[in-house]
Amino acid sequence: MAAHQDWEIHQIDVKSAYLNATLRDDIYMRPPPGYLEEKDRGKVLKLLHSLYGLKQAGFEWSEELEQFFLDAKFTRSQVDQAVYYQQTSKEHTVITVSVDDMAVMSKHLKHILKFKDQLCTRFEISNLGELTWLLGLKVERD
């Protein structure tokens, strides 16, 4: 759709995505060696945020990201749950999500920049500029 309409397409990477997700369940872990003082030996740590490798990590990140999109007034596609969009009379922005990578599409660059600014208020991102690679595919526009 974006290529057909000649829209702007940018890409974003959310840094340490899973670490941004707040855990809803109580999860405890043994501390790494040397982390606790000797007097605290035998204690465990309660995780407040998700970690890579947790079974819940992907789900919790997805929930966190969905809440961001809802707060930013985006709608989740009923056809593909990895697609969010925002449509008004003056604006039509579409975002596709693959874990921590996003492709952001809009007719006007100012709408893409607005979305990036919104995303930065909640997560640390790498702004990768115009789309050049998407899921292992090289993208060239002419």
# chains A, B, ... in the order shown; residues from 1 in each chain; ligands from 1
>>> select_by_dssp(residues="stretch 15-46 of chain A", states="helix (DSSP H, G or I)", output="list in words")
Ala17, Tyr18, Leu19, Asn20, Glu38, Lys39 and Asp40 of chain A
>>> residues_around(residues="A:Pro32", least_positions_apart="6", cutoff="12 Å", atoms="only C-alpha atoms", output="PDB file with C-alpha atoms, in the first residue's frame")
ATOM      1  CA  ARG A  41      23.200 -14.927  51.137  1.00  0.00           C
ATOM      2  CA  GLY A  42      20.262 -17.217  50.371  1.00  0.00           C
ATOM      3  CA  LYS A  43      17.882 -14.416  49.416  1.00  0.00           C
ATOM      4  CA  VAL A  44      16.150 -14.198  46.054  1.00  0.00           C
ATOM      5  CA  LEU A  45      15.314 -11.244  43.847  1.00  0.00           C
TER       6      LEU A  45
END
>>> atom_distance(atom1="atom CA of A:Ile12", atom2="atom CA of A:Met102")
5.1 Å
>>> closest_atom_pairs(of="stretch 15-44 of chain A", to="stretch 106-126 of chain A", cutoff="12 Å", atoms="only C-alpha atoms", output="CSV")
residue,atom,partner,partner_atom,distance
A:Lys15,CA,A:Ile125,CA,5.3
A:Ser16,CA,A:Glu124,CA,8.2
A:Ala17,CA,A:Phe123,CA,8.1
A:Tyr18,CA,A:Phe123,CA,10.9
A:Leu19,CA,A:Phe123,CA,10.2
A:Asn20,CA,A:Phe123,CA,7.3
A:Ala21,CA,A:Phe123,CA,10.3
>>> write_last_selection(atoms="C-alpha atoms", output="CSV table (one decimal), in the first residue's frame")
chain,number,residue,atom,x,y,z
A,15,LYS,CA,16.3,-0.8,22.4
A,16,SER,CA,16.1,-3.6,24.9
A,17,ALA,CA,12.4,-4.1,24.2
A,18,TYR,CA,11.7,-6.9,26.6
A,19,LEU,CA,13.3,-5.0,29.5
A,20,ASN,CA,10.6,-2.3,29.0
A,21,ALA,CA,7.8,-4.7,29.9
>>> select_by_dssp(residues="chain A", states="strand (DSSP E or B)", output="PDB file with C-alpha atoms, in the first residue's frame")
ATOM      1  CA  GLU A   8       7.268   7.833   3.220  1.00  0.00           C
ATOM      2  CA  ILE A   9       8.506   4.706   5.024  1.00  0.00           C
ATOM      3  CA  HIS A  10      10.877   4.824   7.994  1.00  0.00           C
ATOM      4  CA  GLN A  11      12.195   2.169  10.338  1.00  0.00           C
ATOM      5  CA  ILE A  12      12.652   2.133  14.104  1.00  0.00           C
ATOM      6  CA  ASP A  13      14.252  -0.293  16.522  1.00  0.00           C
ATOM      7  CA  VAL A  14      13.209  -0.272  20.192  1.00  0.00           C
ATOM      8  CA  THR A  22       6.470  -4.633  33.453  1.00  0.00           C
ATOM      9  CA  TYR A  28      11.731 -14.563  41.603  1.00  0.00           C
ATOM     10  CA  MET A  29      15.270 -15.486  40.637  1.00  0.00           C
ATOM     11  CA  LEU A  45      15.314 -11.244  43.847  1.00  0.00           C
ATOM     12  CA  LYS A  46      11.831 -10.285  42.699  1.00  0.00           C
ATOM     13  CA  HIS A  49      10.574  -6.024  34.542  1.00  0.00           C
ATOM     14  CA  THR A  75      -6.058   1.311  16.409  1.00  0.00           C
ATOM     15  CA  ARG A  76      -4.910  -2.291  16.157  1.00  0.00           C
ATOM     16  CA  VAL A  83      -0.322  -3.597  12.406  1.00  0.00           C
ATOM     17  CA  TYR A  84      -1.494  -0.384  14.041  1.00  0.00           C
ATOM     18  CA  TYR A  85      -2.943   2.636  12.299  1.00  0.00           C
ATOM     19  CA  GLN A  86      -4.184   6.132  12.958  1.00  0.00           C
ATOM     20  CA  GLN A  87      -6.531   7.748  10.498  1.00  0.00           C
ATOM     21  CA  HIS A  92      -3.134   8.286   7.813  1.00  0.00           C
ATOM     22  CA  THR A  93      -0.220   6.571   9.542  1.00  0.00           C
ATOM     23  CA  VAL A  94       0.409   2.821   9.528  1.00  0.00           C
ATOM     24  CA  ILE A  95       2.933   0.985  11.714  1.00  0.00           C
ATOM     25  CA  THR A  96       3.948  -2.636  11.322  1.00  0.00           C
ATOM     26  CA  VAL A  97       5.641  -4.304  14.281  1.00  0.00           C
ATOM     27  CA  SER A  98       7.988  -7.276  14.365  1.00  0.00           C
ATOM     28  CA  ASP A 101      11.394  -3.434  14.881  1.00  0.00           C
ATOM     29  CA  MET A 102       8.841  -1.128  13.305  1.00  0.00           C
ATOM     30  CA  ALA A 103       8.147   0.186   9.833  1.00  0.00           C
ATOM     31  CA  VAL A 104       6.299   3.510   9.975  1.00  0.00           C
ATOM     32  CA  MET A 105       4.401   4.651   6.889  1.00  0.00           C
ATOM     33  CA  SER A 106       2.580   7.862   6.101  1.00  0.00           C
ATOM     34  CA  ILE A 125      14.728   3.842  20.236  1.00  0.00           C
ATOM     35  CA  SER A 126      17.189   3.718  17.383  1.00  0.00           C
ATOM     36  CA  ASN A 127      15.868   5.976  14.655  1.00  0.00           C
ATOM     37  CA  LEU A 128      17.032   4.158  11.524  1.00  0.00           C
ATOM     38  CA  GLY A 129      15.639   6.696   9.046  1.00  0.00           C
ATOM     39  CA  GLU A 130      14.242   5.643   5.699  1.00  0.00           C
ATOM     40  CA  TRP A 133      15.941  -3.478   5.301  1.00  0.00           C
ATOM     41  CA  LEU A 134      12.797  -5.218   6.490  1.00  0.00           C
ATOM     42  CA  LEU A 137      14.801  -8.092   2.756  1.00  0.00           C
ATOM     43  CA  LYS A 138      16.648  -5.180   1.179  1.00  0.00           C
TER      44      LYS A 138
END
>>> atom_distance(atom1="atom CA of A:Leu54", atom2="atom CA of A:Phe69")
23.6 Å
>>> atom_distance(atom1="atom CA of A:Glu140", atom2="atom CA of A:Leu65")
28.4 Å
>>> closest_residue(among="A:Arg30, A:Val99, A:Glu37, A:Ser77", to="A:Glu63", atoms="only C-alpha atoms")
A:Val99
>>> decode(residues="stretch 72-93 of chain A", atoms="C-alpha atoms", output="PDB file, in the first residue's frame")
ATOM      1  CA  ALA A  72      -1.270   7.335  21.406  1.00  0.00           C
ATOM      2  CA  LYS A  73      -4.748   6.892  19.842  1.00  0.00           C
ATOM      3  CA  PHE A  74      -3.766   4.182  17.356  1.00  0.00           C
ATOM      4  CA  THR A  75      -6.058   1.311  16.409  1.00  0.00           C
ATOM      5  CA  ARG A  76      -4.910  -2.291  16.157  1.00  0.00           C
ATOM      6  CA  SER A  77      -5.783  -3.984  12.885  1.00  0.00           C
ATOM      7  CA  GLN A  78      -8.359  -6.733  13.194  1.00  0.00           C
ATOM      8  CA  VAL A  79      -6.778  -8.529  10.250  1.00  0.00           C
ATOM      9  CA  ASP A  80      -3.146  -8.469  11.437  1.00  0.00           C
ATOM     10  CA  GLN A  81      -2.371  -7.872  15.109  1.00  0.00           C
ATOM     11  CA  ALA A  82       1.116  -6.617  14.229  1.00  0.00           C
ATOM     12  CA  VAL A  83      -0.322  -3.597  12.406  1.00  0.00           C
ATOM     13  CA  TYR A  84      -1.494  -0.384  14.041  1.00  0.00           C
ATOM     14  CA  TYR A  85      -2.943   2.636  12.299  1.00  0.00           C
ATOM     15  CA  GLN A  86      -4.184   6.132  12.958  1.00  0.00           C
ATOM     16  CA  GLN A  87      -6.531   7.748  10.498  1.00  0.00           C
ATOM     17  CA  THR A  88      -8.057  11.192  10.556  1.00  0.00           C
ATOM     18  CA  SER A  89      -9.202  13.510   7.793  1.00  0.00           C
ATOM     19  CA  LYS A  90      -5.658  14.945   7.573  1.00  0.00           C
ATOM     20  CA  GLU A  91      -3.524  11.980   8.531  1.00  0.00           C
ATOM     21  CA  HIS A  92      -3.134   8.286   7.813  1.00  0.00           C
ATOM     22  CA  THR A  93      -0.220   6.571   9.542  1.00  0.00           C
TER      23      THR A  93
END
